[in-house]
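Engineer: Structure file run-v2.txt (compact mmCIF, C-alpha atoms) is given on the next line.
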```txt
# COMPACT_ATOMS: atom_id res chain seq x y z
CA MET H 283 46.29 -5.36 -21.46
CA GLU H 284 43.10 -4.26 -23.14
CA SER H 285 39.99 -4.96 -21.16
CA MET H 286 36.60 -5.88 -22.59
CA LEU H 287 35.39 -2.36 -21.92
CA ASP H 288 38.03 -0.78 -24.17
CA ILE H 289 37.29 -2.89 -27.24
CA PRO H 290 35.60 -0.72 -29.87
CA ASN H 291 32.20 -1.77 -31.18
CA VAL H 292 31.59 -3.91 -28.12
CA LYS H 293 28.70 -2.72 -26.07
CA LEU H 294 28.57 -3.70 -22.45
CA THR H 295 24.98 -4.37 -21.56
CA LEU H 296 24.05 -4.57 -17.94
CA HIS H 297 20.95 -6.42 -16.95
CA PRO H 298 19.48 -4.72 -13.89
CA MET H 299 17.54 -6.76 -11.40
CA LYS H 300 14.01 -7.23 -12.67
CA LYS H 301 11.66 -4.86 -10.90
CA THR H 302 8.59 -6.39 -9.35
CA PRO H 303 5.67 -4.69 -7.59
CA VAL H 304 6.57 -6.47 -4.36
CA LEU H 305 10.16 -5.16 -4.49
CA ASP H 306 8.84 -1.66 -5.23
CA MET H 307 6.51 -1.95 -2.26
CA VAL H 308 9.36 -3.02 0.04
CA ARG H 309 11.52 -0.12 -1.22
CA ALA H 310 8.68 2.37 -0.65
CA MET H 311 8.21 1.02 2.87
CA ARG H 312 11.93 1.34 3.62
CA LYS H 313 12.04 4.92 2.34
CA LYS H 314 9.06 5.89 4.49
CA LYS H 315 10.81 4.77 7.70
CA TRP H 316 8.65 1.71 8.15
CA PRO H 317 11.00 0.07 10.63
CA VAL H 318 9.97 2.55 13.40
CA VAL H 319 6.32 1.87 12.72
CA THR H 320 7.03 -1.84 12.53
CA VAL H 321 8.64 -1.77 15.99
CA GLN H 322 5.66 0.17 17.37
CA MET H 323 3.26 -2.29 15.76
CA VAL H 324 5.12 -5.33 17.06
CA ALA H 325 5.09 -3.77 20.56
CA CYS H 326 1.34 -3.21 20.29
CA LEU H 327 0.69 -6.76 19.09
CA LEU H 328 2.90 -8.22 21.84
CA SER H 329 0.97 -6.17 24.41
CA TYR H 330 -2.24 -7.49 22.87
CA ALA H 331 -0.97 -11.07 23.17
CA ALA H 332 0.08 -10.45 26.79
CA GLY H 333 -3.33 -8.94 27.53
CA MET H 334 -5.09 -11.95 26.00
CA MET H 335 -2.94 -14.32 28.06
CA ALA H 336 -3.71 -12.30 31.19
CA ILE H 337 -7.47 -12.48 30.77
CA ARG H 338 -7.33 -16.15 29.88
CA GLY H 339 -5.07 -17.03 32.78
CA PRO H 340 -6.07 -18.38 36.19
CA TYR H 341 -5.61 -14.98 37.89
CA TYR H 342 -8.43 -13.46 35.86
CA GLN H 343 -10.84 -16.24 36.86
CA HIS H 344 -10.47 -15.37 40.56
CA VAL H 345 -10.74 -11.62 40.21
CA THR H 346 -14.20 -10.29 40.78
CA ARG H 347 -14.18 -6.52 41.28
CA THR H 348 -11.59 -5.57 38.64
CA LYS H 349 -12.64 -8.23 36.14
CA TYR H 350 -14.12 -5.84 33.59
CA VAL H 351 -11.29 -3.33 33.91
CA LEU H 352 -8.82 -6.10 33.04
CA LEU H 353 -10.71 -6.65 29.80
CA LEU H 354 -9.11 -3.39 28.62
CA LEU H 355 -5.66 -5.06 28.63
CA PRO H 356 -5.97 -6.52 25.12
CA ILE H 357 -8.34 -3.83 23.83
CA ILE H 358 -6.05 -0.83 24.42
CA PRO H 359 -3.11 -2.24 22.38
CA LEU H 360 -5.53 -3.19 19.59
CA VAL H 361 -6.91 0.36 19.45
CA ALA H 362 -3.32 1.66 19.45
CA THR H 363 -2.52 -0.67 16.51
CA VAL H 364 -5.50 0.62 14.53
CA ILE H 365 -4.47 4.24 15.25
CA LEU H 366 -0.89 3.44 14.16
CA ILE H 367 -2.09 1.87 10.91
CA LEU H 368 -4.42 4.79 10.13
CA ARG H 369 -1.78 7.42 10.92
CA ARG H 370 0.72 5.64 8.69
CA LEU H 371 -1.86 5.24 5.95
CA PHE H 372 -2.70 8.95 5.82
CA LYS H 373 0.98 9.86 5.54
CA LEU H 374 1.44 7.64 2.49
CA ASP H 375 1.55 8.69 -1.12
CA GLU H 376 -1.97 8.85 -2.60
CA MET H 377 -1.59 5.84 -4.90
CA TRP H 378 -0.14 3.63 -2.15
CA ARG H 379 -2.94 4.78 0.15
CA LYS H 380 -5.47 3.72 -2.48
CA ILE H 381 -3.71 0.36 -2.91
CA LEU H 382 -3.61 -0.37 0.82
CA THR H 383 -7.11 0.87 1.68
CA GLU H 384 -8.67 -1.05 -1.21
CA SER H 385 -6.73 -4.16 -0.14
CA MET H 386 -8.06 -3.76 3.39
CA ALA H 387 -11.62 -3.39 2.13
CA PHE H 388 -11.18 -6.46 -0.09
CA ALA H 389 -9.62 -8.45 2.77
CA GLY H 390 -12.42 -7.48 5.16
CA LEU H 391 -15.15 -8.49 2.72
CA ALA H 392 -13.39 -11.69 1.61
CA THR H 393 -12.77 -12.72 5.25
CA ALA H 394 -16.39 -12.05 6.14
CA PHE H 395 -17.64 -14.09 3.17
CA THR H 396 -15.19 -16.93 3.88
CA CYS H 397 -16.10 -17.09 7.56
CA PHE H 398 -19.84 -16.86 6.87
CA SER H 399 -19.87 -19.45 4.09
CA LEU H 400 -17.32 -21.97 5.39
CA GLY H 401 -18.38 -21.43 8.99
CA PHE H 402 -21.71 -23.05 8.18
CA VAL H 403 -19.94 -26.24 7.10
CA PRO H 404 -18.25 -27.51 10.28
CA GLU H 405 -17.07 -30.69 8.49
CA LEU H 406 -14.55 -28.58 6.56
CA GLY H 407 -12.73 -27.87 9.81
CA VAL H 408 -12.61 -24.08 9.38
CA ARG H 409 -12.52 -22.49 12.82
CA PRO H 410 -13.83 -18.97 13.57
CA GLU H 411 -10.56 -17.91 15.24
CA TRP H 412 -8.74 -18.34 11.91
CA GLY H 413 -10.46 -15.16 10.74
CA PHE H 414 -7.47 -13.00 11.74
CA GLU H 415 -4.99 -15.10 9.73
CA ILE H 416 -7.41 -15.37 6.78
CA PHE H 417 -7.71 -11.56 6.79
CA TRP H 418 -3.94 -11.06 6.47
CA VAL H 419 -3.68 -13.66 3.69
CA TYR H 420 -6.43 -11.87 1.72
CA TYR H 421 -4.82 -8.51 2.52
CA ALA H 422 -1.45 -9.65 1.14
CA LEU H 423 -3.14 -11.06 -1.98
CA GLY H 424 -5.16 -7.87 -2.49
CA ALA H 425 -2.13 -5.58 -2.01
CA ALA H 426 0.03 -7.66 -4.38
CA TRP H 427 -2.74 -7.69 -7.01
CA GLN H 428 -3.32 -3.92 -6.75
CA ALA H 429 0.43 -3.16 -6.82
CA TRP H 430 0.78 -5.34 -9.92
CA ARG H 431 -2.23 -3.70 -11.61
CA LEU H 432 -0.94 -0.15 -10.97
CA ARG H 433 2.75 -0.99 -11.49
CA VAL V 186 -20.68 6.59 -21.18
CA GLU V 187 -17.23 5.84 -19.80
CA ALA V 188 -14.47 8.41 -20.13
CA ALA V 189 -10.86 7.30 -20.37
CA LEU V 190 -8.41 9.84 -18.99
CA ARG V 191 -5.50 10.48 -21.33
CA ASN V 192 -2.56 12.66 -20.38
CA GLN V 193 0.56 14.36 -21.69
CA LEU V 194 2.61 13.87 -18.54
CA ARG V 195 5.39 11.74 -20.03
CA LYS V 196 5.89 14.19 -22.92
CA LEU V 197 5.97 17.22 -20.62
CA ARG V 198 8.31 15.56 -18.14
CA GLU V 199 10.74 14.56 -20.87
CA GLN V 200 10.60 18.08 -22.35
CA ASP V 201 11.68 19.45 -18.97
CA GLY V 202 14.42 16.81 -18.72
CA LEU V 203 13.09 15.40 -15.46
CA SER V 204 13.19 11.78 -14.36
CA GLN V 205 10.13 10.13 -12.84
CA GLN V 206 11.92 10.15 -9.48
CA GLN V 207 12.67 13.89 -9.70
CA LEU V 208 9.13 14.78 -10.71
CA GLY V 209 7.79 12.57 -7.92
CA GLU V 210 9.96 14.42 -5.39
CA ILE V 211 8.80 17.80 -6.68
CA LEU V 212 5.14 16.79 -6.49
CA GLY V 213 5.48 14.89 -3.21
CA VAL V 214 4.50 11.49 -4.58
CA SER V 215 6.38 8.27 -5.32
CA ARG V 216 8.07 7.36 -8.60
CA GLN V 217 5.57 4.52 -8.97
CA THR V 218 2.69 7.01 -8.87
CA ILE V 219 4.24 9.08 -11.67
CA ASN V 220 4.81 5.90 -13.68
CA ALA V 221 1.22 4.73 -13.14
CA ILE V 222 -0.18 8.13 -14.20
CA GLU V 223 2.01 8.22 -17.31
CA ASN V 224 0.88 4.74 -18.31
CA GLU V 225 -2.74 5.75 -17.66
CA ARG V 226 -3.26 3.06 -15.05
CA TYR V 227 -3.95 5.51 -12.26
CA ASP V 228 -5.99 8.72 -12.36
CA PRO V 229 -4.48 11.36 -10.04
CA SER V 230 -6.56 13.15 -7.43
CA LEU V 231 -7.65 16.72 -8.18
CA PRO V 232 -5.03 18.27 -5.81
CA LEU V 233 -2.29 16.27 -7.54
CA ALA V 234 -3.61 17.27 -10.98
CA PHE V 235 -3.42 20.92 -9.88
CA LYS V 236 0.14 20.42 -8.64
CA ILE V 237 1.09 18.89 -12.00
CA SER V 238 -0.53 21.74 -13.93
CA ARG V 239 1.29 24.32 -11.80
CA GLN V 240 4.59 22.51 -12.26
CA PHE V 241 4.30 22.65 -16.05
CA LYS V 242 2.56 26.06 -16.06
CA LEU V 243 -0.37 24.70 -18.07
CA LYS V 244 -4.09 24.29 -17.55
CA ILE V 245 -5.32 20.93 -16.25
CA GLU V 246 -7.29 20.38 -19.46
CA ASP V 247 -4.11 20.88 -21.50
CA ILE V 248 -2.49 17.98 -19.66
CA PHE V 249 -5.44 15.68 -18.99
CA LEU V 250 -8.05 14.86 -21.57
CA ALA V 251 -11.15 12.78 -20.94
CA GLU V 252 -11.92 10.71 -24.02
CA ARG V 253 -15.33 9.14 -24.42
CA SER V 254 -15.14 5.45 -25.18
```
Give the structure from the file, written as structure tokens.
Structural biologist:
Amino acid sequence: MESMLDIPNVKLTLHPMKKTPVLDMVRAMRKKKWPVVTVQMVACLLSYAAGMMAIRGPYYQHVTRTKYVLLLLPIIPLVATVILILRRLFKLDEMWRKILTESMAFAGLATAFTCFSLGFVPELGVRPEWGFEIFWVYYALGAAWQAWRLR
Amino acid sequence: VEAALRNQLRKLREQDGLSQQQLGEILGVSRQTINAIENERYDPSLPLAFKISRQFKLKIEDIFLAERS
């Protein structure tokens, strides 16, 4: 039996999955062995969370002599996270490095402006501790915009 | 006066029969970077411009041209 592919003058056109900047970004991350870095980053952030819980817990309130040393518990994982991010950033391809550093700069500025402006209007209900989450939202927006612009 | 950077990268790459992926691997950058340079959305750094010129055995100014707009 003749299949569709054997019929003369019939062209089989394949429609590949539409490429998007976000998909390209995910592919680039997978190629660059991001999972290892991701595991390291998750470990750092979990250590940070544990450190924060430790210094907020009842034990910390009763400690007197080692109180200030315990403050290092959340700070050390945070420093490690920053080092991880910077090391990863400098290993990236120059265009991706530009995209990610510019997104970080944009996110930092946008977060600062948001916190400064909305922070003065307490009726809006914006709390200062949301700064971290706001930063990542701006960072994702900035990275997606840059990746789309340079696609 | 702003200068728009034009380039011959696509033409040269196609003359050599290379794909964007292959050229990216040779130059140590991603396919997306090659695509962005070819479409004149991204201006390469000077070290990358030198790598490109060496790859095609041409001078930088033969590949990249700054046009005044």
Engineer: Please identify all polymer residues within 6 Å of range 419-430 of chain H, counting only C-alpha atoms, omitting same-chain residues fewer than 5 positions from it, and present them as a ChimeraX atom specification.
Structural biologist: /H:303,381,385-386,389
Engineer: Pick out the chain V residues within 8 Å of chain H. Count only C-alpha atoms. Give them as a list in words.
Structural biologist: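 Going by the stated atoms only, the list reads Gly213, Val214, Ser215, Gln217, Thr218, Asn220, Ala221, Arg226, Tyr227 and Ser230 of chain V.
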Engineer: Excluding Leu231 in chain V and any residue of its chain fewer than 5 positions from it, enumerate the residues within 10 Å of it, using all atoms listed in the file, and give them as an MDAnalysis selection string.
Structural biologist: chainID V and resid 236:237 245
Engineer: Report the distance between CA of Leu371 in chain H and CA of Ala234 in chain V in Å, rounded to one decimal place.
Structural biologist: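 Calculated distance between CA of Leu371 in chain H and CA of Ala234 in chain V is 20.8 Å.
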Engineer: Quick one: pull the distance between CA of Val321 in chain H and CA of Pro359 in chain H, Å, one decimal.
Structural biologist: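 Answer for the CA of Val321 in chain H to CA of Pro359 in chain H separation: 13.4 Å.
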Engineer: Figure out the distance between CA of Leu305 in chain H and CA of Phe388 in chain H, please, to one decimal in Å.
Structural biologist: 21.8 Å
Engineer: Near Leu190 in chain V, within 7 Å and counting all atoms listed in the file, which residues show up once chain neighbours fewer than 2 positions away are dropped, as an NGL selection string?
Structural biologist: :V and (188 or 192 or 249-252)
Engineer: Would you save the residues from that selection as a short mmCIF file (atom, residue, chain, number, x, y, z; two decimals), in the coordinates of the input, using C-alpha atoms?
Structural biologist:
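Written file, result37.cif:
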```cif
data_model
loop_
_atom_site.label_atom_id
_atom_site.label_comp_id
_atom_site.auth_asym_id
_atom_site.auth_seq_id
_atom_site.Cartn_x
_atom_site.Cartn_y
_atom_site.Cartn_z
CA ALA V 188 -14.47 8.41 -20.13
CA ASN V 192 -2.56 12.66 -20.38
CA PHE V 249 -5.44 15.68 -18.99
CA LEU V 250 -8.05 14.86 -21.57
CA ALA V 251 -11.15 12.78 -20.94
CA GLU V 252 -11.92 10.71 -24.02
#
```
Engineer: Any idea what's packed within 12 Å of Arg198 in chain V, counting only C-alpha atoms, ignoring anything in its chain fewer than 4 positions away? Could you give it as a ChimeraX atom specification?
Structural biologist: /V:192-194,202-209,211,219-220,222-223,237-238,240-241,248
Engineer: Keeping only C-alpha atoms, take the residues you just selected and write them out as a PDB file, keeping the file's coordinate frame.
Structural biologist:
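Once written, selection-v2.pdb looks like this:
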```pdb
ATOM      1  CA  ASN V 192      -2.560  12.660 -20.380  1.00  0.00           C
ATOM      2  CA  GLN V 193       0.560  14.360 -21.690  1.00  0.00           C
ATOM      3  CA  LEU V 194       2.610  13.870 -18.540  1.00  0.00           C
ATOM      4  CA  GLY V 202      14.420  16.810 -18.720  1.00  0.00           C
ATOM      5  CA  LEU V 203      13.090  15.400 -15.460  1.00  0.00           C
ATOM      6  CA  SER V 204      13.190  11.780 -14.360  1.00  0.00           C
ATOM      7  CA  GLN V 205      10.130  10.130 -12.840  1.00  0.00           C
ATOM      8  CA  GLN V 206      11.920  10.150  -9.480  1.00  0.00           C
ATOM      9  CA  GLN V 207      12.670  13.890  -9.700  1.00  0.00           C
ATOM     10  CA  LEU V 208       9.130  14.780 -10.710  1.00  0.00           C
ATOM     11  CA  GLY V 209       7.790  12.570  -7.920  1.00  0.00           C
ATOM     12  CA  ILE V 211       8.800  17.800  -6.680  1.00  0.00           C
ATOM     13  CA  ILE V 219       4.240   9.080 -11.670  1.00  0.00           C
ATOM     14  CA  ASN V 220       4.810   5.900 -13.680  1.00  0.00           C
ATOM     15  CA  ILE V 222      -0.180   8.130 -14.200  1.00  0.00           C
ATOM     16  CA  GLU V 223       2.010   8.220 -17.310  1.00  0.00           C
ATOM     17  CA  ILE V 237       1.090  18.890 -12.000  1.00  0.00           C
ATOM     18  CA  SER V 238      -0.530  21.740 -13.930  1.00  0.00           C
ATOM     19  CA  GLN V 240       4.590  22.510 -12.260  1.00  0.00           C
ATOM     20  CA  PHE V 241       4.300  22.650 -16.050  1.00  0.00           C
ATOM     21  CA  ILE V 248      -2.490  17.980 -19.660  1.00  0.00           C
TER      22      ILE V 248
END
```
Engineer: Draw an axis-aligned box tight on the listed atoms of range 216-231 of chain V, then pad every side by 8 Å and write out centre and edge lengths in Å to one decimal as AutoDock Vina command-line options.
Structural biologist:
```
--center_x 0.2 --center_y 9.9 --center_z -12.9 --size_x 31.7 --size_y 29.7 --size_z 26.9
```
